Each structure stands twice: as C-alpha cells, then as structure tokens.
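Undergrad: What follows is a single structure, and I will ask about it in a moment.
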Amino acid sequence: MEASRYVGRFAPSPSGPLHIGSLLTALTSYLDAKAHDGVWLVRIEDIDPPRQVLHANKAILDSLYAHGLYHDQDVLFQSSRIAYYQDIIGSLLNSHHAYRCECTRAQIKQHGGIYPGTCKHKQITTLPSAIRFINPGHITSFTDRFQGEIALNKHSIDKEDMIIQRKDGLVAYNLAVVLDDIEQGVSDIVRGCDLLPTTIAQLNIWSHFSATPPRYGHTPLLVTAPGHKLSKQNHAPAINDTTAKDNLLFCFSLLGISLSDAIQKSTINHILEAATMVWRKGIHFPKHEIIVP
Ligand code: GLU
C-alpha cells in the first residue's frame, strides 16, 4: 500500500456521548491510520436531528481529545453539507437514477423486509415521499480486511434500492456517508461490524459516482452477551474522560494488544505510539464480537 495515500476516518453520529464500544471504533480507525502513516479524520454525522442529543458533538470531541485521539484536519459536520446532498439527490432524480416511493414499512415487511422496487416505474410525484436510489447492483461482494469475503445473499438488504432521502425530507445516511468519503478522499474505512450489512449497497453508490472504492475493515462489536450489542440504545454508559488512560488500556486488553508495564505507566501519547507499533505488526482479534467482562 502506498502509505501517503491512506486517509482514514471516524464518523460518529451525535446520538449520545461515546461509550466504550464507540471509543473502541474510534481507536481502531485511529491506530490503523497511524500504523499506515496515514491521515485520520473525524466527521460528525449530524443530519438526523430527531436522533441527536444536545451537546453530544462537544462531548464526543472532548472524549476523543482526552484519549489523545487528535484528528489531522478540521472536523467536517455533515449538517454543513445538506444543500450539496440535496443537489445530488435532485440530479439523481432528474437523470432517473432515483425515484420517489410511497411504500410504508408495513408493506415492505410483507415482502420479507427487503424492498422489492414496487414504486420504481410508478413515476410518483406526490409529496411528501421518500426518494430511493436505483441500486445498480454491479457490486455483489467485497473482501473485508478483518471479516474476509462478504457476498450478497438472497436476504441481503444490500440489494435494495436504498432510501437516500426520507419521507420527512432528511437526507439518509447511506448517501451522505458515501458522498463525504468521496469528497474527503477516504481510502480506508475501519468501523464496527454493525455497518457490514449496508456496505455492498454503499459500494454500489461509490460505483455510480465512478469513485475508487475504499478498503473496508469491520471491527468486532462489543457485546454484553452473545448477540447483545453495547450501544447508546441499550444505555451503555458514557465513558469517563477522567480515566482516559485506563479506558485505553481496557480497549487494548479487549483487542489483545499487550503493552509492557513501563509503557502502561507512561503517558497517553506513548501508550498510543506503542499500540500503533503493535497494530502495525498485525493483530488478531475475535471476528464478530468481543464480550465485555
Ligand atoms: N455515523 C455512523 C454511526 O455512528 C457511522 C458511519 C460510518 O462509519 O460509516 O453509526
């Protein structure tokens, strides 16, 4: 890999402060970028106001800094790019790469939860209605750096014509994430396994824009018991920034990164540098889930 071309990022949604699971995601994307002598960006994905929590932006950034995780460029806030996303959505509609859809969740559920393209040829103009991108479906598999070969199967949500603008007018995550990764020249996406099911759909958006797709590495999720993801939704506690060093050491222990006693007693910067060296040599963490003791 050409080291100078590595651009990685951490892209949290401000739906709450960081918890230990999201800190682990931030940390893995940071270590991977640093291990490749790359650039590490932070992007706040704040385009879903109903799910946002007041002051979460600041809390997330403060936590990153407390843990020594400094981004290499200014933070990009997706809320500053809404006009751009809407322009793109307008062009996709005009060029017939997208269409309006009036289907309800209940109707889609009747089709096994995968949207079958019901409104594709209906030429709906009624407002409000959701807008769906016609999934070209050229990409049907990819090789994940940590998860191996990932391919579509008949239950894959990835085959859908995905929503790019919701009925309430909000721009949807799958489009915004790809447009920003393209704009920011992201070469490597290291993020949690919870986003694996939409990656092939996102790759199809990359291909529509003829952009060189990124490499993906999906890291294991922290769970309290098999299948029970630690998340904001199930009230994972916010990390305590005053114990940043211990939090980092805990994350490293979960990842199987062992550091000498001397390093553990040293500063956060030294600890991050030492962990980067270990990461560079290659680490082997569990594939899908790590149970938090
Ligand atoms: N904003 C997304 C989230 O917090 C992550 C986006 C991504 O890493 O692609 O779940």
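Residues are referred to by chain and number: the chain letter is A, B, ... according to the order shown in the structure tokens, the number counts from 1 in that chain, and ligands are numbered separately from 1 in the order shown.
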Using only C-alpha atoms and all ligand atoms, determine which residues fall within 7 Å of ligand 1, then list them as number ranges by chain.
TA: A: 10-13, 45, 177, 191, 195
Undergrad: Would you please extract all strand (DSSP E or B) residues from region 78-245 of chain A, as assigned by DSSP on the backbone, and give them as a PyMOL selection string?
TA: chain A and resi 98-101+130-133+141-144+148-151+163-165+171+188-192+215-219+221-225+228-229+238
Undergrad: Contacts of His97 (chain A) at 12 Å or less, counting only C-alpha atoms, minus same-chain residues fewer than 3 places along, as a ChimeraX atom specification?
TA: /A:88-94,100,120-121,131-136,161-162,164,205,208-209
Undergrad: Using N, CA and C atoms, can you write the selected residues to a file as a PDB file, in the first residue's frame?
TA:
ATOM      1  N   ILE A  88     -27.344  16.784  -5.228  1.00  0.00           N
ATOM      2  CA  ILE A  88     -27.051  15.462  -5.813  1.00  0.00           C
ATOM      3  C   ILE A  88     -28.349  14.654  -5.930  1.00  0.00           C
ATOM      4  N   ILE A  89     -29.179  14.723  -4.914  1.00  0.00           N
ATOM      5  CA  ILE A  89     -30.439  13.967  -4.959  1.00  0.00           C
ATOM      6  C   ILE A  89     -31.295  14.480  -6.123  1.00  0.00           C
ATOM      7  N   GLY A  90     -31.321  15.808  -6.307  1.00  0.00           N
ATOM      8  CA  GLY A  90     -32.059  16.396  -7.431  1.00  0.00           C
ATOM      9  C   GLY A  90     -31.521  15.872  -8.762  1.00  0.00           C
ATOM     10  N   SER A  91     -30.188  15.825  -8.903  1.00  0.00           N
ATOM     11  CA  SER A  91     -29.641  15.333 -10.181  1.00  0.00           C
ATOM     12  C   SER A  91     -29.941  13.848 -10.374  1.00  0.00           C
ATOM     13  N   LEU A  92     -29.909  13.082  -9.282  1.00  0.00           N
ATOM     14  CA  LEU A  92     -30.197  11.648  -9.423  1.00  0.00           C
ATOM     15  C   LEU A  92     -31.642  11.434  -9.878  1.00  0.00           C
ATOM     16  N   LEU A  93     -32.543  12.282  -9.350  1.00  0.00           N
ATOM     17  CA  LEU A  93     -33.955  12.184  -9.778  1.00  0.00           C
ATOM     18  C   LEU A  93     -34.083  12.566 -11.250  1.00  0.00           C
ATOM     19  N   ASN A  94     -33.443  13.693 -11.611  1.00  0.00           N
ATOM     20  CA  ASN A  94     -33.546  14.190 -12.998  1.00  0.00           C
ATOM     21  C   ASN A  94     -32.985  13.203 -14.007  1.00  0.00           C
ATOM     22  N   ARG A 100     -39.215   8.444  -6.541  1.00  0.00           N
ATOM     23  CA  ARG A 100     -39.999   8.626  -5.318  1.00  0.00           C
ATOM     24  C   ARG A 100     -40.743   7.337  -4.979  1.00  0.00           C
ATOM     25  N   LYS A 120     -40.706   1.728  -8.523  1.00  0.00           N
ATOM     26  CA  LYS A 120     -39.665   2.099  -9.490  1.00  0.00           C
ATOM     27  C   LYS A 120     -40.213   2.685 -10.786  1.00  0.00           C
ATOM     28  N   HIS A 121     -41.306   2.100 -11.284  1.00  0.00           N
ATOM     29  CA  HIS A 121     -41.816   2.574 -12.580  1.00  0.00           C
ATOM     30  C   HIS A 121     -43.121   3.360 -12.441  1.00  0.00           C
ATOM     31  N   ILE A 131     -37.262   9.162  -1.266  1.00  0.00           N
ATOM     32  CA  ILE A 131     -36.576   9.020  -2.556  1.00  0.00           C
ATOM     33  C   ILE A 131     -35.596   7.860  -2.448  1.00  0.00           C
ATOM     34  N   ARG A 132     -35.655   6.994  -3.442  1.00  0.00           N
ATOM     35  CA  ARG A 132     -34.767   5.817  -3.451  1.00  0.00           C
ATOM     36  C   ARG A 132     -33.799   5.883  -4.624  1.00  0.00           C
ATOM     37  N   PHE A 133     -32.588   5.444  -4.362  1.00  0.00           N
ATOM     38  CA  PHE A 133     -31.543   5.366  -5.384  1.00  0.00           C
ATOM     39  C   PHE A 133     -31.662   4.002  -6.066  1.00  0.00           C
ATOM     40  N   ILE A 134     -31.639   3.995  -7.401  1.00  0.00           N
ATOM     41  CA  ILE A 134     -31.716   2.715  -8.109  1.00  0.00           C
ATOM     42  C   ILE A 134     -30.369   2.010  -7.967  1.00  0.00           C
ATOM     43  N   ASN A 135     -30.391   0.963  -7.200  1.00  0.00           N
ATOM     44  CA  ASN A 135     -29.144   0.244  -6.903  1.00  0.00           C
ATOM     45  C   ASN A 135     -28.678  -0.470  -8.163  1.00  0.00           C
ATOM     46  N   PRO A 136     -27.555  -0.046  -8.742  1.00  0.00           N
ATOM     47  CA  PRO A 136     -27.140  -0.674  -9.995  1.00  0.00           C
ATOM     48  C   PRO A 136     -26.760  -2.144  -9.799  1.00  0.00           C
ATOM     49  N   ASP A 161     -33.062  -0.927  -3.531  1.00  0.00           N
ATOM     50  CA  ASP A 161     -32.924   0.472  -3.956  1.00  0.00           C
ATOM     51  C   ASP A 161     -33.021   1.264  -2.653  1.00  0.00           C
ATOM     52  N   MET A 162     -31.896   1.741  -2.163  1.00  0.00           N
ATOM     53  CA  MET A 162     -31.922   2.285  -0.805  1.00  0.00           C
ATOM     54  C   MET A 162     -32.447   3.721  -0.751  1.00  0.00           C
ATOM     55  N   ILE A 164     -32.465   7.439  -0.074  1.00  0.00           N
ATOM     56  CA  ILE A 164     -31.429   8.471   0.040  1.00  0.00           C
ATOM     57  C   ILE A 164     -32.004   9.770   0.623  1.00  0.00           C
ATOM     58  N   ILE A 205     -23.145   2.700  -4.513  1.00  0.00           N
ATOM     59  CA  ILE A 205     -23.218   4.170  -4.682  1.00  0.00           C
ATOM     60  C   ILE A 205     -21.841   4.690  -5.118  1.00  0.00           C
ATOM     61  N   HIS A 208     -21.546   4.176  -8.729  1.00  0.00           N
ATOM     62  CA  HIS A 208     -22.329   5.118  -9.540  1.00  0.00           C
ATOM     63  C   HIS A 208     -21.543   6.402  -9.799  1.00  0.00           C
ATOM     64  N   PHE A 209     -20.811   6.840  -8.778  1.00  0.00           N
ATOM     65  CA  PHE A 209     -20.057   8.094  -8.932  1.00  0.00           C
ATOM     66  C   PHE A 209     -18.651   7.856  -9.502  1.00  0.00           C
TER      67      PHE A 209
END
Undergrad: Which residues are close to Asn240 (chain A), i.e. within 9 Å by only C-alpha atoms, leaving aside same-chain residues fewer than 4 positions away? Reply as a ChimeraX atom specification.
TA: /A:19,63,244,247
Undergrad: Each residue of region 220-255 of chain A lying at most 8 Å from region 266-284 of chain A should get a row with its shortest atom-to-atom pair and the distance in Å to one decimal, counting only C-alpha atoms; could you produce that, ordered by chain and increasing number, as a Markdown table?
TA:
| residue | atom | partner | partner_atom | distance |
| --- | --- | --- | --- | --- |
| A:Lys245 | CA | A:Ile268 | CA | 6.1 |
| A:Phe252 | CA | A:Ala275 | CA | 7.8 |
| A:Leu255 | CA | A:His284 | CA | 7.8 |
Undergrad: Nearest to Lys34 (chain A) among A:Arg9, A:Ala56, A:Asn234, A:Thr118, with distances taken over only C-alpha atoms: which residue is it?
TA: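 Among A:Arg9, A:Ala56, A:Asn234, A:Thr118, it is A:Arg9 that comes nearest to Lys34 (chain A).
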Undergrad: Running DSSP on the backbone, which parts of region 26-229 of chain A land in alpha helix (DSSP H), as number ranges by chain?
TA: A: 26-35, 56-66, 82-94, 105-110, 173-183, 199-208
Undergrad: Taking only C-alpha atoms into account, name the residue in A:Ala98, A:Leu23, A:Thr212, A:Ser231 that is nearest to Gly117 (chain A).
TA: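 Ranked by minimum distance to Gly117 (chain A), first place goes to A:Ala98.
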Undergrad: Just checking: using only C-alpha atoms, which residue out of A:Lys287, A:Asp180, A:Asp194, A:Leu248 ends up closest to Leu69 (chain A)?
TA: A:Leu248
Undergrad: So, counting only C-alpha atoms, which residue among A:Pro286, A:Gly16, A:Ala225, A:Glu183 is closest to Arg51 (chain A)?
TA: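 Comparing A:Pro286, A:Gly16, A:Ala225, A:Glu183 against Arg51 (chain A), the winner is A:Gly16.
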Undergrad: So, counting only C-alpha atoms, which residue among A:Leu24, A:Val7, A:Leu170, A:Ala83 is closest to Val42 (chain A)?
TA: A:Val7
Undergrad: Hey, what's within 10 Å of Pro226 (chain A) if we count only C-alpha atoms and toss same-chain stuff fewer than 2 positions away? As JSON, numbers by chain, please?
TA: {"A": [222, 223, 224, 228, 229, 288, 289, 290, 291]}
Undergrad: Compile the contact shell of Ile60 (chain A) as a VMD selection string: residues with an atom at most 9 Å away, counting only C-alpha atoms, same-chain residues fewer than 5 positions apart removed.
TA: chain A and resid 12 14 16 to 18 55 65
Undergrad: Can those selected residues be exported to a file as a PDB file, in the first residue's frame so that it contains C-alpha atoms?
TA:
ATOM      1  CA  PRO A  12     -19.828   9.243  14.781  1.00  0.00           C
ATOM      2  CA  PRO A  14     -24.102  12.580  17.768  1.00  0.00           C
ATOM      3  CA  GLY A  16     -25.085  10.453  22.603  1.00  0.00           C
ATOM      4  CA  PRO A  17     -21.626  10.626  24.159  1.00  0.00           C
ATOM      5  CA  LEU A  18     -19.018   7.981  23.354  1.00  0.00           C
ATOM      6  CA  HIS A  55     -24.174  18.799  23.248  1.00  0.00           C
ATOM      7  CA  TYR A  65      -9.069  14.628  22.817  1.00  0.00           C
TER       8      TYR A  65
END
Undergrad: Might you pull out every residue within 9 Å of Cys119 (chain A), with only C-alpha atoms counted and same-chain residues fewer than 2 positions away left off, and present them as a list in words?
TA: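 Here the qualifying residues turn out to be Tyr99, Arg100, Cys101, Glu102, Cys103, Pro116, Gly117, His121, Lys122, Gln123 and Ile124 of chain A.
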Undergrad: Grab the residues selected above and save them as an mmCIF file, in the first residue's frame with N, CA and C atoms.
TA:
data_model
loop_
_atom_site.group_PDB
_atom_site.id
_atom_site.type_symbol
_atom_site.label_atom_id
_atom_site.label_comp_id
_atom_site.auth_asym_id
_atom_site.auth_seq_id
_atom_site.Cartn_x
_atom_site.Cartn_y
_atom_site.Cartn_z
ATOM 1 N N TYR A 99 -35.885 7.506 -7.646
ATOM 2 C CA TYR A 99 -37.334 7.690 -7.832
ATOM 3 C C TYR A 99 -38.015 7.862 -6.480
ATOM 4 N N ARG A 100 -39.215 8.444 -6.541
ATOM 5 C CA ARG A 100 -39.999 8.626 -5.318
ATOM 6 C C ARG A 100 -40.743 7.337 -4.979
ATOM 7 N N CYS A 101 -40.905 7.108 -3.694
ATOM 8 C CA CYS A 101 -41.518 5.854 -3.235
ATOM 9 C C CYS A 101 -42.487 6.163 -2.092
ATOM 10 N N GLU A 102 -43.651 5.526 -2.163
ATOM 11 C CA GLU A 102 -44.662 5.786 -1.136
ATOM 12 C C GLU A 102 -44.909 4.585 -0.232
ATOM 13 N N CYS A 103 -44.099 3.559 -0.362
ATOM 14 C CA CYS A 103 -44.353 2.331 0.402
ATOM 15 C C CYS A 103 -44.146 2.567 1.901
ATOM 16 N N PRO A 116 -38.829 -4.458 -2.669
ATOM 17 C CA PRO A 116 -38.720 -5.117 -3.980
ATOM 18 C C PRO A 116 -38.773 -4.173 -5.189
ATOM 19 N N GLY A 117 -38.726 -2.879 -4.983
ATOM 20 C CA GLY A 117 -38.710 -1.965 -6.132
ATOM 21 C C GLY A 117 -40.116 -1.602 -6.607
ATOM 22 N N HIS A 121 -41.306 2.100 -11.284
ATOM 23 C CA HIS A 121 -41.816 2.574 -12.580
ATOM 24 C C HIS A 121 -43.121 3.360 -12.441
ATOM 25 N N LYS A 122 -43.431 3.790 -11.218
ATOM 26 C CA LYS A 122 -44.734 4.445 -10.999
ATOM 27 C C LYS A 122 -44.702 5.942 -11.276
ATOM 28 N N GLN A 123 -43.522 6.488 -11.395
ATOM 29 C CA GLN A 123 -43.350 7.927 -11.640
ATOM 30 C C GLN A 123 -44.150 8.782 -10.661
ATOM 31 N N ILE A 124 -43.963 8.480 -9.409
ATOM 32 C CA ILE A 124 -44.681 9.194 -8.343
ATOM 33 C C ILE A 124 -44.137 10.622 -8.228
#
Undergrad: Which residue out of A:Ser29, A:Ser22, A:Gln52, A:Gln86 has the minimum interatomic distance to Val171 (chain A) when only C-alpha atoms are used?
TA: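 Once distances to Val171 (chain A) are computed over only C-alpha atoms, the minimum belongs to A:Gln86.
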